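Novice: One structure coming up, written as structure tokens, with questions to follow.
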Amino acid sequence: METVDYILLGLGSAFCAYRAMISKHLLPSTLYLAGVSALVTVTLYLLGAYEVAVIELSVGAGLVTVLLVYVLSVIGEDVFDPTSIIPKPLAFLLVAGIGGLVIWMAYPLTIHPNTNGEVLLAEVLWKQRALDVWVQVALIFSGVMGVLGLLSEKAHPQEQEMPVHEIHAIHDEHAVAVQIEKEIHA
Amino acid sequence: MTLTPLNAVFLGVILLLVIGFYGLLITRNLIKIVLVLQILVKAVVVALVLAGKASGNLGLGQSLAATVIVADTIVAVVALALAVQVRRRVGTLDLAKISTLRG
């Protein structure tokens, strides 16, 4: 019964991933990606990885989806060009080769029962993999700074660098030109 | 040979990997590339947890999976910001049109 659940979850997530890949518009693709995240979350939960399941649901199905929808609302939809850079049959052959190689090397999985007892995630994360936590902190900080820098709108360089007295001079010249034009018409 | 639950999950991971690789090869839209990359990383996250479960060290698998999720999210955020800037300056998201490299 458990095997059937995993097969259904795998097929469902593969279907959503395929639809996300081939959809001509980006908004349905984004929603199908959220579906993949939700199904992957259920798989992780059934595997016993509760903490990662929560992170995946909140980040994968929540944050990334919201971000993608926001980006689509900012830039609008591009007309999707279906022609690929490399021929599709060649891509299919390459991917089939990679999939076959992975199955040949790792299938079926060999199970190694843990004789030392289960180690909690908190202990692994904070004691054994403390460097990973610092790397994550640095990544988040650099990501936030990068987004702030990239999305910030800069003023036009000429307007930004022009001194005040030059701006006044331009206004004076404009006023003189208007005065001359009035005199000519008069 | 009977299909065990972990092997069923493994086949699902391979399906996601294959779809992600195929999408990465045929996609030209910048935002779609980010999207397909997300699919690939989801397959990797499940594979890490699966490897942890199979080796009897689920905590280590979860720890690595969490790190991968954080890194992938940052990659997606920066890539989307870059895509917005490219769209504003070049006017398109098509890789073939924005590429200045000519062979």
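Labels used: A, B, ... for chains in the order of the structure tokens, numbers from 1 for residues in each chain, and numbers from 1 for ligands as shown.
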Identify, on the basis of only C-alpha atoms, every residue whose closest approach to Leu15 of chain B does not exceed 9 Å; exclude the query and any residue fewer than 2 positions from it along the same chain; express the result as an MDAnalysis selection string.

Specialist: (chainID A and resid 10:11 13:14 99) or (chainID B and resid 10:13 17:20 43)

Novice: Could you list the residues in chain A lying within 7 Å of chain B, using only C-alpha atoms, and format the result as a ChimeraX atom specification?

Specialist: /A:2-3,6-7,10-11,14,17-18,21,44,49,52,75,84-86,88,91-92,95,99,108-114,118-121,124-125,132,136,139-140,143,146-147,150-151

Novice: What does the structure give for the distance between atom CA of Val66 of chain A and atom CA of Leu46 of chain A, in Å to one decimal?

Specialist: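 Straight-line distance from atom CA of Val66 of chain A to atom CA of Leu46 of chain A works out to 25.9 Å.
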
Novice: Name the residues in contact with Arg19 of chain A at a cut-off of 9 Å, using only C-alpha atoms, excluding same-chain residues fewer than 5 positions from it; report them as number ranges by chain.

Specialist: A: 14, 28-29, 32-33

Novice: Write a file of the selected residues as a short mmCIF file (atom, residue, chain, number, x, y, z; two decimals), in the first residue's frame, keeping N, CA and C atoms.

Specialist:
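Below you can see out.cif, which holds the result:
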```
data_model
loop_
_atom_site.label_atom_id
_atom_site.label_comp_id
_atom_site.auth_asym_id
_atom_site.auth_seq_id
_atom_site.Cartn_x
_atom_site.Cartn_y
_atom_site.Cartn_z
N ALA A 14 5.60 14.07 -11.45
CA ALA A 14 6.18 14.06 -12.80
C ALA A 14 5.21 14.70 -13.81
N PRO A 28 0.48 29.45 -15.78
CA PRO A 28 0.16 28.04 -15.51
C PRO A 28 1.39 27.22 -15.14
N SER A 29 2.54 27.54 -15.75
CA SER A 29 3.76 26.83 -15.40
C SER A 29 4.10 27.02 -13.93
N TYR A 32 1.73 24.94 -11.83
CA TYR A 32 2.10 23.52 -11.86
C TYR A 32 3.35 23.26 -11.02
N LEU A 33 4.28 24.24 -11.01
CA LEU A 33 5.48 24.09 -10.17
C LEU A 33 5.09 24.04 -8.69
#
```

Novice: What's the separation between atom CA of Val64 of chain A and atom CA of Ser37 of chain A, in Å to one decimal place?

Specialist: 10.0 Å

Novice: Can you tell me how far atom CA of Val59 of chain A sits from atom CA of Val102 of chain A, in Å to one decimal?

Specialist: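 Between atom CA of Val59 of chain A and atom CA of Val102 of chain A the gap is 28.0 Å.
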
Novice: Excluding Leu31 of chain A and any residue of its chain fewer than 3 positions from it, enumerate the residues within 8 Å of it, using only C-alpha atoms, and give them as a list in words.

Specialist: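 So, after excluding close chain neighbours, the residues are Ala20, Leu27, Pro28, Ala34, Gly35 and Thr65 of chain A.
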
Novice: Suppose we keep C-alpha atoms; can you now write the selection as a tab-separated table (two decimals), in the first residue's frame?

Specialist:
```tsv
chain	number	residue	atom	x	y	z
A	20	ALA	CA	5.08	23.13	-16.08
A	27	LEU	CA	1.50	31.62	-15.07
A	28	PRO	CA	0.16	28.04	-15.51
A	34	ALA	CA	3.62	24.80	-6.92
A	35	GLY	CA	1.82	21.49	-7.47
A	65	THR	CA	5.55	30.82	-6.32
```

Novice: If you run DSSP on the backbone here, which positions in chain A get helix (DSSP H, G or I)? Please write them as an NGL selection string.

Specialist: :A and (2-22 or 26-47 or 50-75 or 88-106 or 121-128 or 130-151 or 157-161 or 164-185)

Novice: Would you mind exporting the chosen residues as a short mmCIF file (atom, residue, chain, number, x, y, z; two decimals), in the first residue's frame, restricted to C-alpha atoms?

Specialist:
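Result file again-v4.cif:
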```
data_model
loop_
_atom_site.label_atom_id
_atom_site.label_comp_id
_atom_site.auth_asym_id
_atom_site.auth_seq_id
_atom_site.Cartn_x
_atom_site.Cartn_y
_atom_site.Cartn_z
CA GLU A 2 2.86 2.34 0.87
CA THR A 3 4.49 1.55 -2.47
CA VAL A 4 1.31 2.48 -4.33
CA ASP A 5 1.22 5.82 -2.49
CA TYR A 6 4.78 6.60 -3.49
CA ILE A 7 4.13 5.56 -7.11
CA LEU A 8 1.07 7.82 -7.30
CA LEU A 9 2.98 10.72 -5.75
CA GLY A 10 5.87 10.21 -8.15
CA LEU A 11 3.60 10.05 -11.19
CA GLY A 12 1.63 13.09 -10.01
CA SER A 13 4.73 15.20 -9.45
CA ALA A 14 6.18 14.06 -12.80
CA PHE A 15 2.92 15.02 -14.55
CA CYS A 16 2.91 18.47 -12.91
CA ALA A 17 6.60 18.94 -13.78
CA TYR A 18 5.95 17.97 -17.40
CA ARG A 19 2.99 20.36 -17.65
CA ALA A 20 5.08 23.13 -16.08
CA MET A 21 7.77 22.51 -18.68
CA ILE A 22 5.60 22.40 -21.81
CA LEU A 26 4.34 31.23 -17.59
CA LEU A 27 1.50 31.62 -15.07
CA PRO A 28 0.16 28.04 -15.51
CA SER A 29 3.76 26.83 -15.40
CA THR A 30 4.20 28.55 -12.05
CA LEU A 31 1.05 26.98 -10.66
CA TYR A 32 2.10 23.52 -11.86
CA LEU A 33 5.48 24.09 -10.17
CA ALA A 34 3.62 24.80 -6.92
CA GLY A 35 1.82 21.49 -7.47
CA VAL A 36 5.16 19.70 -7.81
CA SER A 37 6.28 21.30 -4.54
CA ALA A 38 3.14 20.19 -2.74
CA LEU A 39 3.47 16.58 -3.94
CA VAL A 40 7.18 16.52 -3.10
CA THR A 41 6.27 17.80 0.37
CA VAL A 42 3.88 14.88 0.89
CA THR A 43 6.59 12.47 -0.25
CA LEU A 44 9.10 13.98 2.18
CA TYR A 45 6.56 13.78 5.00
CA LEU A 46 5.86 10.10 4.30
CA LEU A 47 9.62 9.45 4.28
CA TYR A 50 9.11 16.36 8.67
CA GLU A 51 11.31 19.46 9.07
CA VAL A 52 12.43 19.51 5.42
CA ALA A 53 8.82 18.93 4.35
CA VAL A 54 7.76 22.09 6.19
CA ILE A 55 10.65 24.09 4.68
CA GLU A 56 9.86 22.79 1.19
CA LEU A 57 6.18 23.65 1.52
CA SER A 58 6.77 27.17 2.83
CA VAL A 59 9.68 28.02 0.54
CA GLY A 60 9.02 25.92 -2.57
CA ALA A 61 5.26 26.16 -2.82
CA GLY A 62 4.95 29.52 -1.07
CA LEU A 63 7.85 31.93 -1.44
CA VAL A 64 9.08 30.91 -4.89
CA THR A 65 5.55 30.82 -6.32
CA VAL A 66 4.76 34.29 -4.97
CA LEU A 67 8.07 35.56 -6.31
CA LEU A 68 7.43 34.14 -9.78
CA VAL A 69 3.92 35.60 -9.90
CA TYR A 70 5.30 38.98 -8.79
CA VAL A 71 7.96 38.89 -11.50
CA LEU A 72 5.32 37.99 -14.10
CA SER A 73 3.17 40.91 -12.95
CA VAL A 74 6.17 43.26 -13.26
CA ILE A 75 7.46 42.26 -16.68
CA LYS A 88 14.47 17.92 -29.36
CA PRO A 89 15.29 14.33 -30.45
CA LEU A 90 18.93 14.88 -29.48
CA ALA A 91 17.87 16.31 -26.12
CA PHE A 92 15.56 13.34 -25.58
CA LEU A 93 18.37 10.89 -26.37
CA LEU A 94 20.77 12.67 -24.00
CA VAL A 95 18.24 12.69 -21.19
CA ALA A 96 17.26 9.06 -21.76
CA GLY A 97 20.95 8.16 -21.58
CA ILE A 98 21.38 10.03 -18.30
CA GLY A 99 18.27 8.43 -16.79
CA GLY A 100 19.33 4.97 -17.92
CA LEU A 101 22.80 5.51 -16.48
CA VAL A 102 21.43 6.57 -13.09
CA ILE A 103 19.12 3.55 -12.96
CA TRP A 104 21.95 1.22 -14.01
CA MET A 105 24.28 2.60 -11.33
CA ALA A 106 21.96 2.95 -8.35
CA LEU A 121 18.18 16.75 12.77
CA ALA A 122 18.88 19.48 15.34
CA GLU A 123 21.95 17.64 16.56
CA VAL A 124 23.25 17.09 13.02
CA LEU A 125 22.51 20.66 11.95
CA TRP A 126 23.91 22.52 14.98
CA LYS A 127 26.77 20.22 16.00
CA GLN A 128 27.98 18.18 13.05
CA ALA A 130 27.49 23.94 11.87
CA LEU A 131 29.42 25.27 8.88
CA ASP A 132 26.37 24.65 6.69
CA VAL A 133 24.31 26.90 8.94
CA TRP A 134 26.82 29.74 8.57
CA VAL A 135 26.89 29.21 4.82
CA GLN A 136 23.09 29.43 4.77
CA VAL A 137 23.17 32.68 6.75
CA ALA A 138 25.73 34.15 4.34
CA LEU A 139 23.67 32.96 1.36
CA ILE A 140 20.49 34.54 2.65
CA PHE A 141 22.27 37.82 3.40
CA SER A 142 23.96 37.94 0.00
CA GLY A 143 20.69 37.03 -1.71
CA VAL A 144 18.80 39.84 0.00
CA MET A 145 21.55 42.36 -0.76
CA GLY A 146 21.75 41.17 -4.37
CA VAL A 147 18.03 41.58 -4.90
CA LEU A 148 18.01 45.02 -3.31
CA GLY A 149 20.86 46.08 -5.57
CA LEU A 150 19.38 44.60 -8.72
CA LEU A 151 15.81 45.77 -8.29
CA PRO A 157 22.90 59.72 -14.67
CA GLN A 158 22.67 63.17 -16.33
CA GLU A 159 19.99 64.34 -13.89
CA GLN A 160 21.84 62.85 -10.96
CA GLU A 161 25.24 64.38 -11.69
CA VAL A 164 22.40 73.05 -9.32
CA HIS A 165 23.88 76.14 -11.01
CA GLU A 166 23.79 74.36 -14.39
CA ILE A 167 20.11 73.55 -13.90
CA HIS A 168 19.44 77.25 -13.14
CA ALA A 169 21.42 78.23 -16.25
CA ILE A 170 19.28 75.95 -18.39
CA HIS A 171 16.13 77.49 -16.91
CA ASP A 172 17.48 81.03 -17.63
CA GLU A 173 18.32 80.09 -21.22
CA HIS A 174 14.85 78.68 -21.68
CA ALA A 175 13.28 81.88 -20.30
CA VAL A 176 15.40 84.03 -22.65
CA ALA A 177 14.40 81.88 -25.62
CA VAL A 178 10.72 82.24 -24.75
CA GLN A 179 11.12 86.03 -24.41
CA ILE A 180 12.82 86.29 -27.85
CA GLU A 181 10.10 84.19 -29.40
CA LYS A 182 7.41 86.50 -27.95
CA GLU A 183 9.20 89.58 -29.29
CA ILE A 184 9.48 88.05 -32.76
CA HIS A 185 5.75 87.26 -32.82
#
```
